[in-house]
$ cat final-v8.txt   # compact mmCIF, C-alpha atoms and all ligand atoms
# COMPACT_ATOMS: atom_id res chain seq x y z
CA MET A 9 -18.84 11.24 -43.09
CA ALA A 10 -16.07 8.99 -41.83
CA VAL A 11 -14.23 5.81 -42.73
CA LEU A 12 -14.40 3.20 -39.96
CA VAL A 13 -11.01 1.48 -39.69
CA THR A 14 -11.36 -1.73 -37.68
CA GLY A 15 -8.07 -2.96 -36.24
CA GLY A 16 -6.70 0.51 -36.85
CA ALA A 17 -4.26 0.29 -33.93
CA GLY A 18 -2.55 -2.62 -35.70
CA TYR A 19 0.41 -2.63 -38.04
CA ILE A 20 -1.32 -2.14 -41.39
CA GLY A 21 -4.40 -0.38 -40.00
CA SER A 22 -2.40 2.37 -38.30
CA HIS A 23 -0.50 3.18 -41.51
CA THR A 24 -3.75 3.12 -43.46
CA ALA A 25 -5.48 5.45 -41.00
CA VAL A 26 -2.73 8.00 -41.66
CA ALA A 27 -2.96 7.52 -45.44
CA LEU A 28 -6.76 7.95 -45.32
CA HIS A 29 -6.43 11.14 -43.29
CA ASP A 30 -3.79 12.46 -45.72
CA ALA A 31 -6.20 11.72 -48.59
CA GLY A 32 -8.86 13.88 -46.93
CA HIS A 33 -10.98 11.26 -45.13
CA GLU A 34 -12.35 11.54 -41.61
CA VAL A 35 -11.25 8.43 -39.71
CA VAL A 36 -12.77 6.47 -36.83
CA ILE A 37 -10.63 3.65 -35.47
CA VAL A 38 -12.01 0.74 -33.49
CA ASP A 39 -9.66 -1.73 -31.80
CA ASN A 40 -9.61 -3.87 -28.66
CA PHE A 41 -5.78 -3.93 -28.43
CA ALA A 42 -5.79 -7.72 -28.71
CA ASN A 43 -2.54 -7.36 -30.66
CA SER A 44 -1.66 -3.68 -30.42
CA SER A 45 -1.01 -0.78 -28.11
CA PRO A 46 -2.87 2.46 -27.27
CA ARG A 47 0.41 4.16 -28.14
CA ALA A 48 -0.15 3.26 -31.79
CA VAL A 49 -3.36 5.30 -31.64
CA ASP A 50 -1.42 8.18 -30.04
CA ALA A 51 1.11 7.94 -32.87
CA VAL A 52 -1.63 8.05 -35.52
CA ARG A 53 -3.15 11.02 -33.70
CA ALA A 54 0.20 12.83 -33.71
CA LEU A 55 0.64 12.23 -37.44
CA THR A 56 -2.90 13.38 -38.24
CA GLY A 57 -2.82 16.54 -36.13
CA GLY A 58 -5.27 15.11 -33.63
CA ALA A 59 -8.02 14.58 -36.22
CA LEU A 60 -9.06 11.09 -35.21
CA SER A 61 -11.86 9.37 -33.34
CA PHE A 62 -11.01 6.21 -31.46
CA VAL A 63 -13.34 3.63 -29.91
CA GLU A 64 -11.97 0.84 -27.73
CA ALA A 65 -14.26 -2.12 -28.35
CA ASP A 66 -14.24 -5.79 -29.22
CA LEU A 67 -15.93 -6.34 -32.56
CA LEU A 68 -17.45 -9.52 -31.17
CA ASP A 69 -19.53 -7.25 -28.93
CA GLU A 70 -22.50 -6.64 -31.25
CA ALA A 71 -24.02 -3.87 -29.14
CA ALA A 72 -20.70 -1.99 -29.12
CA VAL A 73 -20.41 -2.32 -32.89
CA ARG A 74 -23.94 -1.04 -33.42
CA GLY A 75 -23.14 1.83 -31.05
CA ILE A 76 -20.24 2.93 -33.28
CA PHE A 77 -22.56 3.18 -36.28
CA GLU A 78 -25.12 5.07 -34.21
CA GLN A 79 -22.63 7.56 -32.80
CA HIS A 80 -20.58 8.24 -35.93
CA GLU A 81 -21.58 8.98 -39.49
CA ILE A 82 -19.83 6.08 -41.16
CA SER A 83 -19.83 6.00 -44.97
CA GLU A 84 -17.39 3.14 -45.57
CA VAL A 85 -15.45 0.51 -43.64
CA VAL A 86 -11.89 -0.77 -43.96
CA HIS A 87 -11.83 -4.04 -42.03
CA PHE A 88 -8.42 -5.13 -40.72
CA ALA A 89 -9.35 -6.60 -37.34
CA ALA A 90 -8.37 -10.26 -37.17
CA HIS A 91 -5.94 -12.63 -35.51
CA LYS A 92 -3.17 -13.39 -37.96
CA ALA A 93 -0.59 -15.87 -36.62
CA VAL A 94 -0.65 -19.01 -38.74
CA ALA A 95 0.96 -21.38 -36.20
CA GLU A 96 -1.22 -20.07 -33.36
CA SER A 97 -4.31 -20.68 -35.50
CA VAL A 98 -3.37 -24.34 -35.79
CA GLN A 99 -3.21 -24.59 -31.98
CA GLU A 100 -6.34 -22.52 -31.29
CA PRO A 101 -8.61 -22.92 -34.30
CA SER A 102 -11.91 -22.08 -32.62
CA ARG A 103 -10.52 -18.81 -31.23
CA TYR A 104 -9.43 -17.86 -34.75
CA TYR A 105 -12.72 -18.81 -36.37
CA ARG A 106 -14.71 -17.01 -33.69
CA ASN A 107 -12.69 -13.81 -33.85
CA ASN A 108 -12.06 -13.53 -37.58
CA LEU A 109 -15.49 -14.65 -38.78
CA GLY A 110 -17.43 -13.13 -35.85
CA SER A 111 -15.86 -9.71 -36.18
CA LEU A 112 -16.55 -9.59 -39.93
CA LEU A 113 -20.16 -10.74 -39.49
CA GLY A 114 -20.84 -8.18 -36.76
CA VAL A 115 -19.41 -5.37 -38.87
CA LEU A 116 -21.27 -6.49 -42.01
CA GLU A 117 -24.61 -6.70 -40.21
CA ALA A 118 -24.16 -3.27 -38.66
CA MET A 119 -23.20 -1.87 -42.09
CA LEU A 120 -26.35 -3.30 -43.70
CA GLU A 121 -28.54 -2.02 -40.85
CA HIS A 122 -27.12 1.47 -41.24
CA GLY A 123 -27.04 1.58 -45.04
CA VAL A 124 -23.24 1.59 -45.25
CA ASP A 125 -22.47 -0.03 -48.58
CA LYS A 126 -18.71 0.17 -49.16
CA LEU A 127 -16.18 -2.25 -47.66
CA VAL A 128 -12.45 -2.79 -48.10
CA HIS A 129 -11.36 -6.06 -46.53
CA SER A 130 -7.92 -7.44 -45.58
CA SER A 131 -7.33 -10.72 -47.31
CA SER A 132 -4.07 -12.51 -47.91
CA CYS A 133 -1.90 -14.26 -50.47
CA THR A 134 -2.15 -17.22 -48.10
CA VAL A 135 -5.34 -18.14 -50.05
CA TYR A 136 -3.16 -19.24 -52.99
CA GLY A 137 -0.95 -21.69 -51.06
CA GLN A 138 1.92 -22.65 -53.42
CA PRO A 139 0.72 -21.29 -56.77
CA ALA A 140 1.33 -23.54 -59.78
CA VAL A 141 1.88 -20.51 -62.04
CA LEU A 142 3.88 -17.39 -61.14
CA PRO A 143 3.22 -14.53 -60.95
CA VAL A 144 -0.03 -15.61 -59.31
CA ALA A 145 -3.18 -13.96 -60.67
CA GLU A 146 -6.45 -13.46 -58.81
CA SER A 147 -8.07 -16.14 -60.98
CA ALA A 148 -5.69 -18.82 -59.65
CA PRO A 149 -7.19 -21.66 -57.57
CA VAL A 150 -7.57 -20.88 -53.86
CA GLY A 151 -7.46 -23.05 -50.77
CA ALA A 152 -6.14 -23.00 -47.22
CA ALA A 153 -3.48 -24.85 -45.28
CA SER A 154 -4.28 -23.49 -41.79
CA PRO A 155 -7.30 -22.32 -39.80
CA TYR A 156 -6.01 -18.77 -40.30
CA GLY A 157 -5.97 -19.32 -44.06
CA TRP A 158 -9.49 -20.75 -43.90
CA THR A 159 -10.73 -17.67 -42.06
CA LYS A 160 -9.37 -15.47 -44.84
CA LEU A 161 -11.02 -17.62 -47.49
CA MET A 162 -14.30 -17.86 -45.58
CA CYS A 163 -14.39 -14.09 -45.06
CA GLU A 164 -13.96 -13.60 -48.82
CA GLN A 165 -16.84 -16.03 -49.42
CA ILE A 166 -19.11 -14.34 -46.89
CA ILE A 167 -18.46 -10.92 -48.42
CA THR A 168 -19.00 -12.24 -51.96
CA ASP A 169 -22.30 -13.86 -50.97
CA VAL A 170 -23.58 -10.74 -49.21
CA CYS A 171 -22.55 -8.49 -52.11
CA ALA A 172 -24.57 -10.71 -54.47
CA VAL A 173 -27.88 -9.99 -52.76
CA ARG A 174 -27.55 -6.81 -50.71
CA PRO A 175 -26.52 -3.24 -51.52
CA LEU A 176 -22.88 -3.80 -50.64
CA ALA A 177 -19.75 -3.35 -52.75
CA ALA A 178 -16.38 -4.64 -51.59
CA VAL A 179 -12.73 -4.77 -52.52
CA MET A 180 -10.88 -7.65 -50.90
CA LEU A 181 -7.18 -6.89 -50.95
CA ARG A 182 -4.94 -9.96 -50.97
CA TYR A 183 -1.78 -8.63 -49.36
CA PHE A 184 1.50 -10.35 -50.04
CA ASN A 185 4.20 -9.81 -47.37
CA PRO A 186 3.90 -6.37 -45.76
CA VAL A 187 7.12 -4.95 -44.29
CA GLY A 188 8.64 -1.53 -43.59
CA ALA A 189 7.34 1.29 -41.43
CA HIS A 190 6.21 4.90 -41.60
CA PRO A 191 9.16 7.15 -42.60
CA SER A 192 8.67 9.18 -39.39
CA ALA A 193 9.66 6.04 -37.43
CA THR A 194 6.68 6.67 -35.15
CA LEU A 195 4.55 3.85 -36.58
CA GLY A 196 5.69 0.32 -37.27
CA GLU A 197 5.26 -3.36 -36.62
CA ASP A 198 5.29 -4.28 -32.94
CA PRO A 199 5.09 -8.04 -32.76
CA ASN A 200 4.24 -9.65 -29.44
CA ASP A 201 6.87 -11.85 -27.80
CA ILE A 202 8.83 -13.66 -30.48
CA PRO A 203 8.09 -12.40 -33.97
CA ASN A 204 6.79 -14.92 -36.50
CA ASN A 205 7.86 -13.14 -39.65
CA LEU A 206 11.19 -12.81 -41.35
CA VAL A 207 11.83 -9.06 -41.39
CA PRO A 208 11.16 -8.34 -37.69
CA LEU A 209 13.50 -11.24 -36.86
CA VAL A 210 16.18 -9.90 -39.22
CA MET A 211 15.90 -6.50 -37.52
CA GLN A 212 16.33 -8.09 -34.09
CA VAL A 213 19.54 -9.74 -35.34
CA ALA A 214 20.75 -6.41 -36.79
CA GLY A 215 19.98 -4.72 -33.48
CA GLY A 216 21.88 -7.35 -31.49
CA ARG A 217 18.85 -8.72 -29.63
CA ARG A 218 19.17 -12.04 -31.43
CA GLU A 219 22.48 -13.71 -32.23
CA ARG A 220 21.62 -15.07 -35.64
CA LEU A 221 18.79 -15.73 -38.02
CA ALA A 222 17.66 -19.25 -38.79
CA VAL A 223 17.11 -19.53 -42.54
CA PHE A 224 14.40 -22.11 -43.08
CA GLY A 225 15.82 -24.17 -45.93
CA ASP A 226 18.25 -23.60 -48.79
CA ASP A 227 17.06 -26.45 -50.98
CA TYR A 228 13.91 -24.95 -52.51
CA ASP A 229 13.51 -24.68 -56.25
CA THR A 230 14.58 -21.02 -56.28
CA ALA A 231 17.69 -19.24 -57.60
CA ASP A 232 19.60 -19.45 -54.28
CA GLY A 233 17.54 -22.23 -52.68
CA SER A 234 15.90 -20.04 -50.01
CA GLY A 235 12.18 -19.13 -49.98
CA VAL A 236 10.99 -16.29 -52.20
CA ARG A 237 8.20 -13.86 -51.26
CA ASP A 238 6.74 -10.64 -52.62
CA TYR A 239 7.53 -8.09 -49.88
CA VAL A 240 5.49 -4.90 -50.10
CA HIS A 241 6.11 -1.66 -48.19
CA VAL A 242 3.35 -0.99 -45.65
CA VAL A 243 3.14 2.65 -46.82
CA ASP A 244 2.45 1.48 -50.39
CA LEU A 245 -0.02 -1.07 -49.01
CA ALA A 246 -1.82 1.68 -47.07
CA GLU A 247 -2.21 3.63 -50.33
CA ALA A 248 -3.89 0.61 -51.94
CA HIS A 249 -6.75 1.02 -49.43
CA VAL A 250 -7.17 4.68 -50.38
CA ALA A 251 -7.30 3.61 -54.04
CA ALA A 252 -9.84 0.87 -53.27
CA LEU A 253 -12.14 3.38 -51.54
CA GLU A 254 -11.89 5.63 -54.61
CA VAL A 255 -12.96 2.75 -56.84
CA LEU A 256 -15.92 2.06 -54.54
CA ALA A 257 -16.86 5.75 -54.44
CA ALA A 258 -16.86 5.74 -58.25
CA GLY A 259 -19.65 3.16 -58.12
CA HIS A 260 -17.97 -0.21 -58.51
CA ASP A 261 -20.48 -2.95 -57.76
CA GLY A 262 -20.08 -6.46 -56.30
CA ALA A 263 -17.01 -8.01 -54.66
CA ALA A 264 -13.55 -7.97 -56.23
CA ALA A 265 -10.39 -9.68 -54.96
CA VAL A 266 -7.19 -7.84 -55.87
CA ASN A 267 -3.54 -8.72 -55.22
CA VAL A 268 -1.41 -6.16 -53.45
CA GLY A 269 2.26 -6.88 -54.06
CA THR A 270 5.17 -5.44 -56.01
CA GLY A 271 5.13 -8.16 -58.65
CA SER A 272 8.62 -9.40 -57.89
CA GLY A 273 10.02 -11.74 -55.29
CA SER A 274 13.03 -11.57 -52.96
CA SER A 275 14.66 -14.62 -51.44
CA VAL A 276 15.46 -14.89 -47.74
CA LEU A 277 19.16 -14.47 -48.57
CA GLU A 278 18.38 -11.37 -50.68
CA VAL A 279 16.39 -9.90 -47.77
CA ILE A 280 19.37 -10.50 -45.48
CA GLU A 281 21.67 -8.74 -48.00
CA ALA A 282 19.25 -5.80 -48.28
CA ALA A 283 19.09 -5.58 -44.48
CA ARG A 284 22.91 -5.52 -44.33
CA ARG A 285 22.96 -2.64 -46.80
CA ALA A 286 20.25 -0.72 -44.92
CA THR A 287 21.58 -1.25 -41.41
CA GLY A 288 25.31 -1.40 -41.99
CA ARG A 289 25.27 -4.28 -39.53
CA PRO A 290 26.30 -7.89 -40.07
CA ILE A 291 23.34 -10.29 -40.11
CA PRO A 292 24.73 -13.67 -39.07
CA TYR A 293 22.58 -16.59 -40.13
CA GLU A 294 22.56 -20.34 -40.25
CA ILE A 295 20.71 -22.61 -42.62
CA VAL A 296 18.32 -24.89 -40.78
CA GLY A 297 15.59 -27.25 -42.01
CA ARG A 298 12.48 -26.15 -43.83
CA ARG A 299 9.65 -24.76 -41.71
CA PRO A 300 6.66 -27.09 -41.89
CA GLY A 301 3.87 -25.68 -44.06
CA ASP A 302 6.13 -23.18 -45.89
CA ILE A 303 5.82 -22.75 -49.62
CA ALA A 304 8.87 -22.30 -51.87
CA LYS A 305 7.97 -19.14 -53.74
CA THR A 306 5.24 -16.70 -54.56
CA TRP A 307 4.87 -13.28 -56.08
CA ALA A 308 1.90 -11.32 -57.30
CA ALA A 309 0.49 -10.61 -60.72
CA THR A 310 -0.11 -6.89 -60.44
CA ASP A 311 -2.15 -6.16 -63.60
CA LEU A 312 -5.50 -6.00 -61.80
CA ALA A 313 -4.20 -3.68 -59.08
CA ARG A 314 -2.86 -1.38 -61.78
CA GLU A 315 -5.90 -1.49 -64.05
CA PHE A 316 -8.72 -1.68 -61.50
CA LEU A 317 -7.31 0.24 -58.54
CA GLY A 318 -4.88 2.45 -60.44
CA TRP A 319 -2.35 1.45 -57.81
CA GLN A 320 1.18 0.14 -58.00
CA ALA A 321 3.96 -0.17 -55.49
CA LYS A 322 6.52 2.64 -55.59
CA LEU A 323 8.96 1.45 -52.92
CA ASP A 324 11.53 -1.34 -53.26
CA ILE A 325 13.20 -3.78 -50.90
CA ASP A 326 15.92 -1.24 -49.98
CA ASP A 327 13.24 1.31 -48.99
CA MET A 328 11.47 -1.39 -46.97
CA MET A 329 14.61 -2.36 -45.04
CA ARG A 330 15.65 1.27 -44.47
CA ASP A 331 12.27 2.23 -43.01
CA HIS A 332 11.83 -0.96 -41.02
CA TRP A 333 15.30 -0.45 -39.53
CA ARG A 334 14.66 3.21 -38.73
CA TRP A 335 11.51 2.19 -36.83
CA HIS A 336 13.16 -0.76 -35.12
CA SER A 337 16.38 1.01 -34.14
CA GLN A 338 14.49 4.02 -32.72
CA ASN A 339 11.89 1.82 -30.97
CA PRO A 340 13.64 -1.46 -30.09
CA ASP A 341 10.75 -2.30 -27.76
CA GLY A 342 8.12 -1.24 -30.25
CA TYR A 343 5.42 0.79 -28.52
CA GLY A 344 6.80 -0.42 -25.21
CA ARG A 345 3.94 -2.65 -24.12
P1 LIG B 401 -2.28 -6.60 -36.42
O1 LIG B 401 -2.45 -7.71 -35.47
O2 LIG B 401 -1.15 -5.66 -36.24
O3 LIG B 401 -3.63 -5.73 -36.52
C1 LIG B 401 -4.89 -6.29 -36.30
C2 LIG B 401 -5.61 -5.41 -35.29
O4 LIG B 401 -6.92 -5.91 -35.08
C3 LIG B 401 -4.91 -5.39 -33.92
O5 LIG B 401 -4.72 -4.06 -33.52
C4 LIG B 401 -5.88 -6.11 -33.00
O6 LIG B 401 -5.83 -5.63 -31.67
C5 LIG B 401 -7.22 -5.84 -33.69
N1 LIG B 401 -8.26 -6.82 -33.42
C6 LIG B 401 -8.20 -8.18 -33.58
N2 LIG B 401 -9.37 -8.73 -33.22
C7 LIG B 401 -10.19 -7.72 -32.82
C8 LIG B 401 -11.52 -7.66 -32.34
N3 LIG B 401 -12.25 -8.76 -32.17
N4 LIG B 401 -12.04 -6.46 -32.03
C9 LIG B 401 -11.33 -5.32 -32.19
N5 LIG B 401 -10.06 -5.32 -32.65
C10 LIG B 401 -9.50 -6.50 -32.96
O7 LIG B 401 -2.23 -7.24 -37.89
P2 LIG B 401 -1.85 -6.59 -39.29
O8 LIG B 401 -0.56 -7.16 -39.73
O9 LIG B 401 -2.02 -5.13 -39.25
O10 LIG B 401 -2.97 -7.27 -40.19
C11 LIG B 401 -4.18 -6.60 -40.48
C12 LIG B 401 -5.02 -7.48 -41.38
O11 LIG B 401 -4.29 -7.83 -42.55
C13 LIG B 401 -5.47 -8.81 -40.75
O12 LIG B 401 -6.79 -9.07 -41.18
C14 LIG B 401 -4.50 -9.82 -41.35
O13 LIG B 401 -5.09 -11.10 -41.44
C15 LIG B 401 -4.30 -9.23 -42.74
N6 LIG B 401 -3.02 -9.63 -43.35
C16 LIG B 401 -1.84 -9.39 -42.70
C17 LIG B 401 -0.64 -9.78 -43.28
C18 LIG B 401 0.67 -9.58 -42.57
O14 LIG B 401 1.62 -10.27 -42.88
N7 LIG B 401 0.77 -8.64 -41.63
C19 LIG B 401 -0.65 -10.39 -44.53
C20 LIG B 401 -1.86 -10.61 -45.17
C21 LIG B 401 -3.04 -10.22 -44.58
C1 LIG B 402 9.04 -15.29 -45.19
C2 LIG B 402 10.19 -16.17 -45.64
C3 LIG B 402 10.32 -18.26 -44.46
C4 LIG B 402 11.43 -16.64 -40.55
C5 LIG B 402 3.24 -15.36 -43.51
C6 LIG B 402 1.87 -15.98 -43.40
C7 LIG B 402 1.00 -15.52 -44.53
C8 LIG B 402 0.96 -14.01 -44.62
C9 LIG B 402 2.33 -13.43 -44.65
C10 LIG B 402 -0.92 -13.17 -43.36
C11 LIG B 402 9.81 -17.66 -45.77
C12 LIG B 402 11.56 -17.42 -44.20
C13 LIG B 402 11.08 -16.76 -41.88
C14 LIG B 402 12.71 -17.10 -40.13
C15 LIG B 402 13.18 -17.75 -42.40
N1 LIG B 402 0.31 -13.41 -43.48
N2 LIG B 402 11.94 -17.32 -42.79
N3 LIG B 402 13.53 -17.65 -41.07
O1 LIG B 402 5.64 -17.46 -44.41
O2 LIG B 402 5.52 -15.87 -46.38
O3 LIG B 402 3.81 -15.75 -44.71
O4 LIG B 402 3.08 -13.95 -43.53
O5 LIG B 402 -1.83 -13.36 -44.09
O6 LIG B 402 -0.28 -16.04 -44.31
O7 LIG B 402 2.01 -17.38 -43.45
O8 LIG B 402 6.12 -14.98 -44.12
O9 LIG B 402 7.79 -13.67 -42.90
O10 LIG B 402 7.07 -15.91 -41.95
O11 LIG B 402 8.46 -15.86 -44.01
O12 LIG B 402 13.97 -18.27 -43.20
O13 LIG B 402 13.06 -17.05 -38.95
O14 LIG B 402 11.22 -16.13 -44.63
O15 LIG B 402 10.68 -19.62 -44.59
O16 LIG B 402 10.52 -18.16 -46.87
P1 LIG B 402 5.32 -16.13 -44.93
P2 LIG B 402 7.36 -15.07 -43.14
$ encode --input "final-v8.txt" --output "structure tokens"
Amino acid sequence: MAVLVTGGAGYIGSHTAVALHDAGHEVVIVDNFANSSPRAVDAVRALTGGALSFVEADLLDEAAVRGIFEQHEISEVVHFAAHKAVAESVQEPSRYYRNNLGSLLGVLEAMLEHGVDKLVHSSSCTVYGQPAVLPVAESAPVGAASPYGWTKLMCEQIITDVCAVRPLAAVMLRYFNPVGAHPSATLGEDPNDIPNNLVPLVMQVAGGRRERLAVFGDDYDTADGSGVRDYVHVVDLAEAHVAALEVLAAGHDGAAAVNVGTGSGSSVLEVIEAARRATGRPIPYEIVGRRPGDIAKTWAATDLAREFLGWQAKLDIDDMMRDHWRWHSQNPDGYGR
């Protein structure tokens, strides 16, 4: 029996495929390389001693999805596949809704047809917007400020509704800000074109590809005025999926949303400092205006992850910067697409 990892050539999926293999699972990856490279699959294969099935397919292709369930003995699914760029989703909402909702629906229907009743789903702290109370707990009000955010919220709703009436149990992991890379430096984040997120940009500055970082605002209501986020190492995050599958295997019923963060926040200026320590390089920056749509601060309440999943983050911001830098400095062009 195997775990189907959708979007397993992507940043978080590739690390999770390795963690699942290390925990003793058979893994089948499906990906259409919309935002990833075949070399990521090669890297996962190298780290798992070749023990990996890979299917190149678009999850919007219902026949192809059904074919995966017919050809492999799938016992559970970890669903990562989605488009994830917030600004792009504002420009191309229908593409985001089609891909993120359509891929989930196709996978869910194939699961139900084939009696596969365990799902771990990638959700996001974006569903909280700017929380009124910090740390933010899973019971906090949810909403969305972008089409991307809406797709995450709608996917949670779809899964919750299906779990209520069909034999399906799900853990929806609300990731905070994943950063870092596999310690081997053979797996990591490989953003297309110009990265959207802070840490890949910081690494490009450290590596000399970019002259300086633009810090989006120093007048937030935070200790140093820059935005605060809960950065979580992608290797820790991968382990949270292994833990979620264990909870499902133990018979958990229904749909549960669980935060995956460290429980503490780092400001943009603290991330820059940590990157200086990790890289030994200067990270020049300038303060510019706030980025539209940004929130000031968020970090996760981690009680549920600890109590329900038995999971907590082990790695800190220095580990994250060290591993992200090792990956970036050894692979400045990522997988070399
Ligand atoms: P990623 O883009 O690296 O990985 C997503 C993978 O899904 C890619 O390999 C892409 O090619 C694939 N994919 C997309 N649409 C597909 C389709 N229709 N058929 C087959 N494959 C398809 O992104 P990631 O950072 O690894 O994110 C994984 C998941 O986690 C996403 O659902 C994302 O919304 C969620 N998430 C990410 C973050 C983050 O900051 N990285 C934070 C919170 C939640
Ligand atoms: C982090 C901090 C920026 C770039 C995004 C998505 C969210 C979730 C995680 C998927 C903020 C600051 C950034 C730069 C900067 N993804 N920054 N200069 O905004 O927390 O969240 O990724 O679900 O949905 O919106 O992450 O890495 O873009 O920003 O000062 O050039 O870095 O203002 O304070 P964010 P980020």
$ residues_near_ligand --input "final-v8.txt" --ligand "ligand LIG 401 (chain B)" --cutoff "8 Å" --atoms "only C-alpha atoms and all ligand atoms" --output "short mmCIF file (atom, residue, chain, number, x, y, z; two decimals) with C-alpha atoms, in the frame of the given file"
data_model
loop_
_atom_site.label_atom_id
_atom_site.label_comp_id
_atom_site.auth_asym_id
_atom_site.auth_seq_id
_atom_site.Cartn_x
_atom_site.Cartn_y
_atom_site.Cartn_z
CA THR A 14 -11.36 -1.73 -37.68
CA GLY A 15 -8.07 -2.96 -36.24
CA GLY A 16 -6.70 0.51 -36.85
CA ALA A 17 -4.26 0.29 -33.93
CA GLY A 18 -2.55 -2.62 -35.70
CA TYR A 19 0.41 -2.63 -38.04
CA ILE A 20 -1.32 -2.14 -41.39
CA GLY A 21 -4.40 -0.38 -40.00
CA SER A 22 -2.40 2.37 -38.30
CA VAL A 38 -12.01 0.74 -33.49
CA ASP A 39 -9.66 -1.73 -31.80
CA ASN A 40 -9.61 -3.87 -28.66
CA PHE A 41 -5.78 -3.93 -28.43
CA ALA A 42 -5.79 -7.72 -28.71
CA ASN A 43 -2.54 -7.36 -30.66
CA SER A 44 -1.66 -3.68 -30.42
CA SER A 45 -1.01 -0.78 -28.11
CA GLU A 64 -11.97 0.84 -27.73
CA ALA A 65 -14.26 -2.12 -28.35
CA ASP A 66 -14.24 -5.79 -29.22
CA LEU A 67 -15.93 -6.34 -32.56
CA LEU A 68 -17.45 -9.52 -31.17
CA HIS A 87 -11.83 -4.04 -42.03
CA PHE A 88 -8.42 -5.13 -40.72
CA ALA A 89 -9.35 -6.60 -37.34
CA ALA A 90 -8.37 -10.26 -37.17
CA HIS A 91 -5.94 -12.63 -35.51
CA LYS A 92 -3.17 -13.39 -37.96
CA ASN A 107 -12.69 -13.81 -33.85
CA ASN A 108 -12.06 -13.53 -37.58
CA GLY A 110 -17.43 -13.13 -35.85
CA SER A 111 -15.86 -9.71 -36.18
CA HIS A 129 -11.36 -6.06 -46.53
CA SER A 130 -7.92 -7.44 -45.58
CA SER A 131 -7.33 -10.72 -47.31
CA SER A 132 -4.07 -12.51 -47.91
CA CYS A 133 -1.90 -14.26 -50.47
CA THR A 134 -2.15 -17.22 -48.10
CA TYR A 156 -6.01 -18.77 -40.30
CA LYS A 160 -9.37 -15.47 -44.84
CA ARG A 182 -4.94 -9.96 -50.97
CA TYR A 183 -1.78 -8.63 -49.36
CA PHE A 184 1.50 -10.35 -50.04
CA ASN A 185 4.20 -9.81 -47.37
CA PRO A 186 3.90 -6.37 -45.76
CA VAL A 187 7.12 -4.95 -44.29
CA GLU A 197 5.26 -3.36 -36.62
CA ASP A 198 5.29 -4.28 -32.94
CA PRO A 199 5.09 -8.04 -32.76
CA ASN A 205 7.86 -13.14 -39.65
#
$ residues_around --input "final-v8.txt" --residues "segment 340-343 of chain A" --least-positions-apart "6" --cutoff "10 Å" --atoms "all atoms listed in the file" --output "list in words"
Ser44, Ser45, Pro46, Arg47, Ala48, Ala51, Thr194, Leu195, Gly196, Glu197, Asp198, Pro199, Asn200, Met211, Gln212, Gly215, Arg217, Trp333 and Arg334 of chain A
$ closest_atom_pairs --input "final-v8.txt" --of "chain A" --to "ligand LIG 402 (chain B)" --cutoff "7 Å" --atoms "all atoms listed in the file" --output "Markdown table"
| residue | atom | partner | partner_atom | distance |
| --- | --- | --- | --- | --- |
| A:Lys92 | CA | B:LIG402 | C10 | 5.9 |
| A:Val94 | CA | B:LIG402 | O7 | 5.6 |
| A:Ser131 | CA | B:LIG402 | O5 | 6.9 |
| A:Ser132 | CA | B:LIG402 | O5 | 4.5 |
| A:Cys133 | CA | B:LIG402 | O5 | 6.4 |
| A:Thr134 | CA | B:LIG402 | O6 | 4.4 |
| A:Gly157 | CA | B:LIG402 | O6 | 6.6 |
| A:Phe184 | CA | B:LIG402 | C9 | 6.3 |
| A:Asn185 | CA | B:LIG402 | C9 | 4.9 |
| A:Asn204 | CA | B:LIG402 | O10 | 5.5 |
| A:Asn205 | CA | B:LIG402 | O9 | 3.3 |
| A:Leu206 | CA | B:LIG402 | O9 | 3.8 |
| A:Val207 | CA | B:LIG402 | O9 | 6.3 |
| A:Leu209 | CA | B:LIG402 | O13 | 6.2 |
| A:Leu221 | CA | B:LIG402 | O13 | 6.0 |
| A:Ala222 | CA | B:LIG402 | N3 | 5.0 |
| A:Val223 | CA | B:LIG402 | O12 | 3.4 |
| A:Phe224 | CA | B:LIG402 | O12 | 3.9 |
| A:Gly225 | CA | B:LIG402 | O12 | 6.8 |
| A:Ser234 | CA | B:LIG402 | O16 | 6.5 |
| A:Gly235 | CA | B:LIG402 | O16 | 3.7 |
| A:Val236 | CA | B:LIG402 | O16 | 5.7 |
| A:Arg237 | CA | B:LIG402 | O2 | 5.9 |
| A:Val276 | CA | B:LIG402 | O14 | 5.4 |
| A:Arg298 | CA | B:LIG402 | O15 | 6.8 |
| A:Arg299 | CA | B:LIG402 | O15 | 6.0 |
| A:Asp302 | CA | B:LIG402 | O15 | 5.9 |
| A:Ala304 | CA | B:LIG402 | O16 | 6.7 |
$ closest_residue --input "final-v8.txt" --among "A:Ala214, A:Ala264, A:Val170, A:Met329" --to "Glu278 of chain A" --atoms "only C-alpha atoms"
A:Met329
$ atom_distance --input "final-v8.txt" --atom1 "atom CA of Asp238 of chain A" --atom2 "atom CA of Lys126 of chain A"
27.9 Å
$ residues_near_point --input "final-v8.txt" --point "(2.5, -21.7, -47.8)" --cutoff "6 Å" --atoms "only C-alpha atoms" --output "mmCIF file with C-alpha atoms, in the coordinates of the input"
data_model
loop_
_atom_site.group_PDB
_atom_site.id
_atom_site.type_symbol
_atom_site.label_atom_id
_atom_site.label_comp_id
_atom_site.auth_asym_id
_atom_site.auth_seq_id
_atom_site.Cartn_x
_atom_site.Cartn_y
_atom_site.Cartn_z
ATOM 1 C CA GLY A 137 -0.950 -21.690 -51.060
ATOM 2 C CA GLN A 138 1.920 -22.650 -53.420
ATOM 3 C CA GLY A 301 3.870 -25.680 -44.060
ATOM 4 C CA ASP A 302 6.130 -23.180 -45.890
ATOM 5 C CA ILE A 303 5.820 -22.750 -49.620
#
